[in-house]
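Engineer: As input, take data-v9.txt (compact mmCIF, C-alpha atoms):
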# COMPACT_ATOMS: atom_id res chain seq x y z
CA MET A 1 207.24 -74.23 73.39
CA HIS A 2 203.50 -74.29 74.13
CA ALA A 3 201.31 -72.81 71.41
CA THR A 4 199.78 -70.17 73.70
CA LEU A 5 200.58 -68.42 76.98
CA CYS A 6 197.31 -69.80 78.37
CA ASP A 7 198.62 -73.33 77.85
CA ILE A 8 201.57 -72.51 80.09
CA VAL A 9 199.18 -71.22 82.75
CA THR A 10 197.09 -74.40 82.63
CA ASP A 11 200.21 -76.50 83.00
CA LEU A 12 201.47 -74.54 86.01
CA VAL A 13 198.13 -74.41 87.81
CA GLN A 14 197.88 -78.19 87.46
CA ASN A 15 201.22 -78.35 89.27
CA SER A 16 199.68 -76.25 92.06
CA ILE A 17 196.68 -78.55 92.34
CA GLU A 18 198.90 -81.62 92.36
CA ALA A 19 201.01 -79.96 95.07
CA GLY A 20 197.92 -79.95 97.30
CA ALA A 21 197.31 -76.20 97.20
CA SER A 22 194.05 -75.07 98.78
CA GLN A 23 194.49 -71.46 97.63
CA ILE A 24 195.72 -70.52 94.17
CA ARG A 25 195.93 -67.02 92.74
CA VAL A 26 196.37 -66.42 89.04
CA GLU A 27 196.87 -62.96 87.63
CA VAL A 28 197.10 -62.10 83.94
CA SER A 29 198.00 -58.52 83.02
CA THR A 30 198.24 -57.45 79.41
CA HIS A 31 199.75 -54.16 78.38
CA PRO A 32 200.78 -52.89 74.95
CA LYS A 33 204.45 -53.68 75.55
CA GLN A 34 204.38 -56.45 78.10
CA ILE A 35 202.35 -59.41 79.29
CA GLU A 36 202.79 -60.43 82.92
CA ILE A 37 201.47 -63.65 84.43
CA CYS A 38 201.72 -64.66 88.07
CA ILE A 39 200.66 -67.88 89.80
CA VAL A 40 200.81 -68.12 93.58
CA ASP A 41 199.87 -71.22 95.56
CA ASN A 42 200.03 -72.48 99.11
CA GLY A 43 200.92 -76.03 98.08
CA LYS A 44 203.70 -78.12 99.53
CA GLY A 45 206.46 -76.02 97.93
CA MET A 46 209.93 -77.21 97.00
CA ASP A 47 213.26 -77.35 98.76
CA ALA A 48 216.38 -75.82 97.21
CA ALA A 49 217.54 -79.12 95.72
CA THR A 50 214.21 -79.66 93.96
CA GLN A 51 214.13 -76.08 92.69
CA ALA A 52 217.53 -76.64 91.13
CA ARG A 53 216.17 -79.58 89.15
CA VAL A 54 212.73 -78.44 88.01
CA PHE A 55 214.04 -76.83 84.83
CA ASP A 56 215.42 -80.16 83.67
CA PRO A 57 212.77 -81.53 81.28
CA PHE A 58 213.72 -85.06 82.31
CA TYR A 59 212.98 -84.42 85.97
CA SER A 60 209.58 -85.11 87.45
CA GLU A 61 208.59 -85.47 91.04
CA ALA A 62 208.95 -89.05 92.30
CA GLY A 63 205.67 -90.88 92.66
CA LYS A 64 203.75 -88.91 90.05
CA HIS A 65 204.33 -91.43 87.29
CA ASP A 66 206.84 -93.97 88.56
CA HIS A 67 208.25 -95.01 85.20
CA ARG A 68 208.14 -91.67 83.49
CA GLN A 69 210.68 -89.00 84.17
CA VAL A 70 209.45 -86.09 82.13
CA GLY A 71 208.32 -82.76 83.53
CA LEU A 72 207.82 -80.09 80.91
CA GLY A 73 205.79 -77.32 82.57
CA LEU A 74 208.55 -75.13 83.98
CA PRO A 75 211.12 -75.97 81.26
CA LEU A 76 208.64 -74.84 78.59
CA LEU A 77 207.95 -71.65 80.52
CA LYS A 78 211.68 -70.89 80.85
CA GLN A 79 212.19 -71.52 77.15
CA THR A 80 209.32 -69.19 76.25
CA ALA A 81 210.44 -66.40 78.58
CA GLU A 82 214.04 -66.52 77.37
CA ALA A 83 213.06 -66.67 73.70
CA THR A 84 210.76 -63.66 73.84
CA GLY A 85 212.78 -61.01 75.62
CA GLY A 86 211.13 -61.73 78.93
CA HIS A 87 212.13 -63.43 82.12
CA MET A 88 210.70 -65.61 84.86
CA GLU A 89 211.01 -65.86 88.62
CA LEU A 90 210.43 -68.89 90.78
CA HIS A 91 210.10 -68.58 94.55
CA SER A 92 209.28 -71.61 96.60
CA GLU A 93 209.46 -72.65 100.20
CA GLN A 94 208.88 -76.19 101.36
CA GLY A 95 205.64 -76.46 103.28
CA LYS A 96 204.52 -72.94 102.35
CA GLY A 97 203.97 -72.76 98.62
CA THR A 98 205.30 -71.59 95.28
CA THR A 99 205.14 -68.40 93.26
CA VAL A 100 205.87 -68.32 89.55
CA ARG A 101 205.93 -64.96 87.82
CA PHE A 102 206.86 -64.39 84.21
CA TYR A 103 206.94 -61.56 81.73
CA VAL A 104 207.11 -61.63 77.96
CA GLU A 105 207.42 -58.83 75.43
CA ALA A 106 203.98 -58.46 73.87
CA GLN A 107 205.32 -57.47 70.46
CA HIS A 108 208.22 -59.91 70.28
CA TRP A 109 208.16 -61.98 67.09
CA ASP A 110 208.33 -65.27 69.02
CA THR A 111 205.84 -64.46 71.77
CA PRO A 112 203.01 -66.98 71.53
CA PRO A 113 199.46 -65.59 71.41
CA LEU A 114 197.67 -65.28 74.74
CA GLY A 115 195.20 -68.00 73.72
CA ASN A 116 191.64 -68.67 74.78
CA LEU A 117 191.57 -67.09 78.22
CA VAL A 118 187.89 -67.90 78.85
CA MET A 119 188.29 -71.65 78.26
CA THR A 120 191.55 -71.62 80.18
CA VAL A 121 190.03 -70.04 83.28
CA LEU A 122 186.98 -72.29 83.02
CA GLY A 123 189.30 -75.29 82.85
CA LEU A 124 191.35 -74.08 85.81
CA MET A 125 188.19 -73.63 87.86
CA SER A 126 186.77 -77.07 87.11
CA PHE A 127 189.36 -79.61 88.22
CA ARG A 128 187.97 -82.17 90.66
CA SER A 129 189.82 -81.15 93.78
CA ALA A 130 189.18 -79.07 96.91
CA TYR A 131 190.81 -75.72 96.22
CA ASN A 132 189.91 -72.12 95.69
CA LEU A 133 191.28 -70.28 92.70
CA THR A 134 191.09 -66.52 92.37
CA PHE A 135 191.62 -65.20 88.89
CA THR A 136 192.51 -61.55 88.36
CA ARG A 137 192.64 -60.01 84.92
CA LYS A 138 194.09 -56.60 84.30
CA THR A 139 194.66 -54.33 81.34
CA GLN A 140 195.84 -50.74 81.23
CA HIS A 141 192.31 -49.46 81.70
CA ASP A 142 190.25 -51.99 83.60
CA SER A 143 190.24 -55.23 85.57
CA TYR A 144 188.00 -57.96 86.94
CA GLN A 145 188.33 -60.73 89.47
CA VAL A 146 186.46 -63.99 89.86
CA SER A 147 186.91 -66.88 92.27
CA ARG A 148 186.09 -70.56 92.03
CA HIS A 149 184.28 -70.53 95.38
CA GLU A 150 181.90 -67.76 94.35
CA LEU A 151 181.09 -69.47 91.04
CA ILE A 152 180.36 -72.75 92.86
CA GLU A 153 178.27 -70.90 95.45
CA VAL A 154 176.18 -69.35 92.67
CA LEU A 155 175.98 -72.33 90.31
CA GLY A 156 176.08 -75.28 92.73
CA ASN A 157 178.91 -77.04 90.88
CA LEU A 158 181.38 -76.67 88.04
CA GLU A 159 181.03 -80.18 86.64
CA GLU A 160 177.75 -80.36 84.76
CA ALA A 161 177.55 -79.21 81.17
CA GLY A 162 174.80 -76.76 82.12
CA THR A 163 176.73 -75.00 84.87
CA LEU A 164 179.96 -75.05 82.88
CA ASN A 165 178.25 -73.32 79.97
CA LEU A 166 176.77 -70.69 82.28
CA ALA A 167 180.20 -70.09 83.83
CA LYS A 168 181.71 -69.88 80.36
CA GLY A 169 179.17 -67.21 79.38
CA PHE A 170 179.91 -65.30 82.58
CA LEU A 171 183.66 -65.33 82.00
CA ALA A 172 183.23 -64.40 78.33
CA SER A 173 181.13 -61.39 79.32
CA GLN A 174 183.81 -60.21 81.77
CA GLU A 175 186.52 -60.56 79.16
CA GLU A 176 184.47 -58.90 76.44
CA ALA A 177 183.67 -55.93 78.67
CA LEU A 178 187.36 -55.58 79.44
CA VAL A 179 188.52 -55.64 75.85
CA HIS A 180 185.89 -53.23 74.47
CA MET B 1 177.08 -59.44 75.32
CA ALA B 2 176.38 -57.33 78.41
CA LYS B 3 178.70 -57.84 81.33
CA LEU B 4 177.01 -60.39 83.63
CA THR B 5 176.93 -59.99 87.38
CA LEU B 6 176.90 -62.87 89.85
CA ASP B 7 173.25 -62.07 90.64
CA THR B 8 172.34 -62.42 86.97
CA LEU B 9 174.28 -65.66 86.81
CA ARG B 10 172.35 -66.97 89.83
CA LYS B 11 169.04 -66.17 88.12
CA LEU B 12 170.14 -67.90 84.91
CA ARG B 13 171.04 -70.98 86.93
CA GLU B 14 167.66 -70.97 88.67
CA GLU B 15 165.90 -70.78 85.30
CA GLN B 16 168.06 -73.61 84.00
CA GLN B 17 167.20 -75.79 87.00
CA LYS B 18 163.47 -75.27 86.49
CA THR B 19 163.67 -76.51 82.90
CA MET B 20 165.96 -79.39 83.92
CA VAL B 21 163.28 -80.78 86.23
CA MET B 22 160.88 -81.08 83.31
CA ARG B 23 163.42 -82.68 81.00
CA ASP B 24 164.33 -86.37 80.73
CA PRO B 25 167.25 -86.89 83.14
CA SER B 26 168.54 -89.99 81.31
CA ASN B 27 172.02 -88.54 80.83
CA LYS B 28 172.43 -87.87 84.54
CA ASP B 29 175.19 -90.45 85.13
CA THR B 30 177.09 -89.85 81.93
CA GLN B 31 180.63 -88.53 82.25
CA ILE B 32 182.98 -87.09 79.65
CA ILE B 33 186.57 -86.74 80.85
CA VAL B 34 189.09 -84.74 78.82
CA GLY B 35 192.82 -85.46 79.24
CA MET B 36 194.41 -82.13 80.16
CA GLY B 37 198.02 -83.08 80.87
CA THR B 38 200.87 -81.20 79.20
CA CYS B 39 200.55 -83.59 76.26
CA GLY B 40 196.81 -83.03 75.95
CA ILE B 41 197.13 -79.25 76.23
CA ALA B 42 199.79 -79.21 73.51
CA ALA B 43 197.61 -81.31 71.22
CA GLY B 44 194.53 -79.09 71.58
CA ALA B 45 192.56 -80.52 74.51
CA LYS B 46 191.11 -77.10 75.38
CA ASP B 47 189.52 -76.84 71.94
CA VAL B 48 188.06 -80.29 72.45
CA PHE B 49 186.74 -79.32 75.91
CA ASN B 50 185.14 -76.25 74.34
CA ALA B 51 183.65 -78.22 71.43
CA ILE B 52 182.07 -80.71 73.84
CA LEU B 53 180.48 -77.89 75.86
CA GLU B 54 179.28 -76.17 72.67
CA VAL B 55 177.52 -79.23 71.31
CA LEU B 56 175.99 -80.13 74.69
CA GLU B 57 174.63 -76.59 74.90
CA ALA B 58 173.32 -76.76 71.34
CA LYS B 59 171.56 -80.04 72.16
CA ASN B 60 170.20 -78.54 75.39
CA ILE B 61 171.90 -81.22 77.49
CA THR B 62 172.79 -79.93 80.95
CA HIS B 63 173.12 -83.05 83.13
CA VAL B 64 176.23 -84.64 81.62
CA LEU B 65 179.35 -84.29 83.75
CA VAL B 66 182.32 -82.84 81.86
CA THR B 67 185.55 -83.10 83.81
CA GLN B 68 189.30 -83.08 83.23
CA THR B 69 192.13 -85.35 84.18
CA GLY B 70 195.91 -85.36 83.84
CA CYS B 71 198.00 -87.52 81.55
CA MET B 72 196.57 -91.02 81.05
CA GLY B 73 199.80 -92.29 79.53
CA LEU B 74 198.51 -92.01 75.98
CA CYS B 75 200.56 -88.98 74.97
CA HIS B 76 200.92 -90.34 71.42
CA SER B 77 197.14 -90.19 70.97
CA GLU B 78 196.26 -86.84 72.51
CA PRO B 79 193.81 -85.24 72.83
CA THR B 80 192.09 -88.11 74.62
CA VAL B 81 188.50 -88.23 75.84
CA GLU B 82 187.12 -90.90 78.16
CA VAL B 83 183.38 -91.48 78.01
CA ILE B 84 181.36 -93.25 80.69
CA VAL B 85 177.75 -93.98 79.77
CA PRO B 86 175.76 -96.34 82.02
CA GLY B 87 175.17 -99.66 80.26
CA MET B 88 178.01 -99.11 77.79
CA PRO B 89 181.70 -100.01 77.98
CA VAL B 90 184.01 -97.32 79.29
CA VAL B 91 185.88 -96.03 76.27
CA ILE B 92 188.83 -93.74 75.65
CA TYR B 93 188.87 -91.99 72.31
CA GLY B 94 192.21 -90.81 70.92
CA ASN B 95 193.35 -88.08 68.52
CA VAL B 96 190.10 -86.26 69.17
CA LYS B 97 189.57 -83.03 67.26
CA ARG B 98 186.59 -80.69 67.38
CA ASP B 99 184.58 -82.61 64.80
CA ILE B 100 185.20 -85.95 66.51
CA ALA B 101 184.30 -84.39 69.87
CA LYS B 102 180.95 -83.38 68.42
CA GLN B 103 180.48 -86.89 67.01
CA ILE B 104 181.21 -88.36 70.45
CA VAL B 105 178.37 -86.37 71.97
CA GLN B 106 175.94 -87.09 69.14
CA GLU B 107 176.68 -90.78 68.62
CA HIS B 108 178.04 -92.10 71.92
CA VAL B 109 176.19 -89.96 74.46
CA ILE B 110 172.91 -89.40 72.63
CA GLU B 111 172.53 -92.36 70.26
CA LYS B 112 174.45 -94.84 72.51
CA LYS B 113 176.69 -96.02 69.65
CA LEU B 114 180.47 -96.42 69.87
CA LEU B 115 182.69 -94.58 67.37
CA ASP B 116 184.69 -97.68 66.43
CA ASN B 117 187.30 -95.87 64.34
CA HIS B 118 188.34 -93.50 67.11
CA ILE B 119 188.57 -95.80 70.13
CA CYS B 120 192.03 -95.66 71.61
CA ASP B 121 192.63 -98.03 74.51
CA LYS B 122 192.62 -98.40 78.23
CA PRO B 123 194.97 -96.08 80.18
CA ALA B 124 198.62 -97.13 79.99
CA MET B 125 199.29 -99.81 82.61
CA ASP B 126 202.04 -97.87 84.39
CA ILE B 127 199.69 -94.96 84.99
CA ILE B 128 196.84 -96.90 86.58
CA ARG B 129 196.88 -96.64 90.38
CA LYS B 130 196.64 -100.10 91.91
For this file, write the structure as structure tokens.
Structural biologist:
Amino acid sequence: MHATLCDIVTDLVQNSIEAGASQIRVEVSTHPKQIEICIVDNGKGMDAATQARVFDPFYSEAGKHDHRQVGLGLPLLKQTAEATGGHMELHSEQGKGTTVRFYVEAQHWDTPPLGNLVMTVLGLMSFRSAYNLTFTRKTQHDSYQVSRHELIEVLGNLEEAGTLNLAKGFLASQEEALVH
Amino acid sequence: MAKLTLDTLRKLREEQQKTMVMRDPSNKDTQIIVGMGTCGIAAGAKDVFNAILEVLEAKNITHVLVTQTGCMGLCHSEPTVEVIVPGMPVVIYGNVKRDIAKQIVQEHVIEKKLLDNHICDKPAMDIIRK
């Protein structure tokens, strides 16, 4: 199991980027009893046969690493959801994209902590690839949304230490305003 | 911290760019690449990414590129950090924790000295794209 829920999100969004997605939506909703996370992409998607195999930790898409047959992202998610009173849904269509949605019980003994959401979102926004990522954060009382394209439009890039630190401060301020 | 708007962020960036012009741009072509595969994530790569940004901010260094990559085939030595400084060998550091990440910035990037005890290796041969 990953140490935090954010680590699962990073893993799954990397799958989206590697699947050639140009649009990725990530939504994280935290409520007193439940945490819900949803990742939607328009990547290449999976056929039924592939979907049947992705929960096997010793299955990885051919060509990614030719001599290594390990793919832990979705198996770790399934393990976490099942161990914490939650569940997960995978919907995928070849050529159209993939949606992964999962819920965990917030108070369950084995639910991992949410993790560092600010660094996670910053990391998700700063992979070197042509994609837009829209991140939506919701709690019972408030929400915010930020997209990769608008941050790049404002900052010029998300690669230099200077712009990354400004983006980090921006995301931290959104999160802090939400929590307090 | 007050909630920042995109307009405020734009102004902060403009101020940063003005001071960058006056500063020595010698780190312009330096790159720090953090391995962020499943193995890296599990070993704490996000903390390392954060530590690198923190120390660069503390040292007022804005030009250095900080990027991420997937698994480099060195899962046994995660978190891994590759450093590319013009005029120096390309190096991958392994088992990097926050304190080592800060040393990498201070010694490798700023002082141009290798951290001999933390150098890992080249990427695993079966991962390199020919």
Engineer: So which one's closest to Val109 in chain B, B:Asn60, B:Gln68, B:Gln31, B:Gln17? Using only C-alpha atoms, please.
Structural biologist: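 The closest residue to Val109 in chain B is B:Gln31.
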Engineer: What does the distance from CA of Val154 in chain A to CA of Gly115 in chain A come to in Å, to one decimal?
Structural biologist: 26.9 Å
Engineer: Using only C-alpha atoms, find each residue in chain A having at least one atom no more than 10 Å away from chain B; report its shortest atom-to-atom pair and that distance in Å (one decimal), rows by chain then rising number, as a tab-separated table.
Structural biologist:
residue	atom	partner	partner_atom	distance
A:Met1	CA	B:Ala42	CA	9.0
A:His2	CA	B:Ala42	CA	6.2
A:Ala3	CA	B:Ala42	CA	6.9
A:Thr4	CA	B:Ala42	CA	9.0
A:Cys6	CA	B:Ile41	CA	9.7
A:Asp7	CA	B:Ile41	CA	6.3
A:Ile8	CA	B:Thr38	CA	8.8
A:Thr10	CA	B:Ile41	CA	8.0
A:Asp11	CA	B:Thr38	CA	6.1
A:Leu12	CA	B:Thr38	CA	9.5
A:Gln14	CA	B:Gly37	CA	8.2
A:Glu18	CA	B:Gly70	CA	9.8
A:Lys64	CA	B:Ile127	CA	8.9
A:His65	CA	B:Ile127	CA	6.3
A:Asp66	CA	B:Asp126	CA	7.5
A:His67	CA	B:Asp126	CA	6.9
A:Arg68	CA	B:Asp126	CA	8.7
A:Gly71	CA	B:Thr38	CA	8.8
A:Leu72	CA	B:Thr38	CA	7.2
A:Gly73	CA	B:Thr38	CA	7.1
A:Asn116	CA	B:Lys46	CA	8.5
A:Val118	CA	B:Asn50	CA	9.9
A:Met119	CA	B:Lys46	CA	6.8
A:Thr120	CA	B:Lys46	CA	7.3
A:Leu122	CA	B:Asn50	CA	9.7
A:Gly123	CA	B:Gln68	CA	7.8
A:Leu124	CA	B:Gln68	CA	9.6
A:Ser126	CA	B:Thr67	CA	7.0
A:Phe127	CA	B:Gln68	CA	6.1
A:Arg128	CA	B:Thr67	CA	7.3
A:Val146	CA	B:Leu6	CA	9.6
A:Glu150	CA	B:Leu6	CA	8.3
A:Leu151	CA	B:Leu6	CA	7.9
A:Glu153	CA	B:Arg10	CA	9.1
A:Val154	CA	B:Arg10	CA	5.3
A:Leu155	CA	B:Arg13	CA	6.1
A:Gly156	CA	B:Arg13	CA	8.8
A:Leu158	CA	B:Thr67	CA	8.8
A:Glu159	CA	B:Leu65	CA	5.3
A:Glu160	CA	B:Leu65	CA	4.4
A:Ala161	CA	B:Thr62	CA	4.8
A:Gly162	CA	B:Thr62	CA	3.9
A:Thr163	CA	B:Arg13	CA	7.3
A:Leu164	CA	B:Leu53	CA	7.6
A:Asn165	CA	B:Leu53	CA	6.5
A:Leu166	CA	B:Leu9	CA	7.2
A:Ala167	CA	B:Leu9	CA	8.0
A:Lys168	CA	B:Leu53	CA	9.3
A:Gly169	CA	B:Leu4	CA	8.3
A:Phe170	CA	B:Leu4	CA	5.8
A:Leu171	CA	B:Leu4	CA	8.4
A:Ala172	CA	B:Met1	CA	8.5
A:Ser173	CA	B:Lys3	CA	4.7
A:Gln174	CA	B:Lys3	CA	5.7
A:Glu175	CA	B:Lys3	CA	8.6
A:Glu176	CA	B:Met1	CA	7.5
A:Ala177	CA	B:Lys3	CA	6.0
A:Leu178	CA	B:Lys3	CA	9.1
Engineer: List as a list in words the protein and nucleic acid residues near Ile39 in chain A, meaning an atom at most 6 Å away when all atoms listed in the file are counted, but skip any in the same chain fewer than 6 places from it.
Structural biologist: Arg25, Val26, Thr99 and Val100 of chain A
Engineer: Write to file, as a PDB file, in the coordinates of the input, the residues of the selection just made, with C-alpha atoms.
Structural biologist:
ATOM      1  CA  ARG A  25     195.930 -67.020  92.740  1.00  0.00           C
ATOM      2  CA  VAL A  26     196.370 -66.420  89.040  1.00  0.00           C
ATOM      3  CA  THR A  99     205.140 -68.400  93.260  1.00  0.00           C
ATOM      4  CA  VAL A 100     205.870 -68.320  89.550  1.00  0.00           C
TER       5      VAL A 100
END
Engineer: Write out as a ChimeraX atom specification each polymer residue whose atoms come within 12 Å of His118 in chain B, counting only C-alpha atoms; drop sequence neighbours fewer than 4 positions from it.
Structural biologist: /B:77-82,91-97,99-101,103-104,108,114
Engineer: What is the CA of Gly43 in chain A to CA of Ser129 in chain A distance in Å?
Structural biologist: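 These two atoms are separated by 13.0 Å.
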Engineer: Between CA of Met46 in chain A and CA of Gly97 in chain A, what is the spacing in Å?
Structural biologist: 7.6 Å
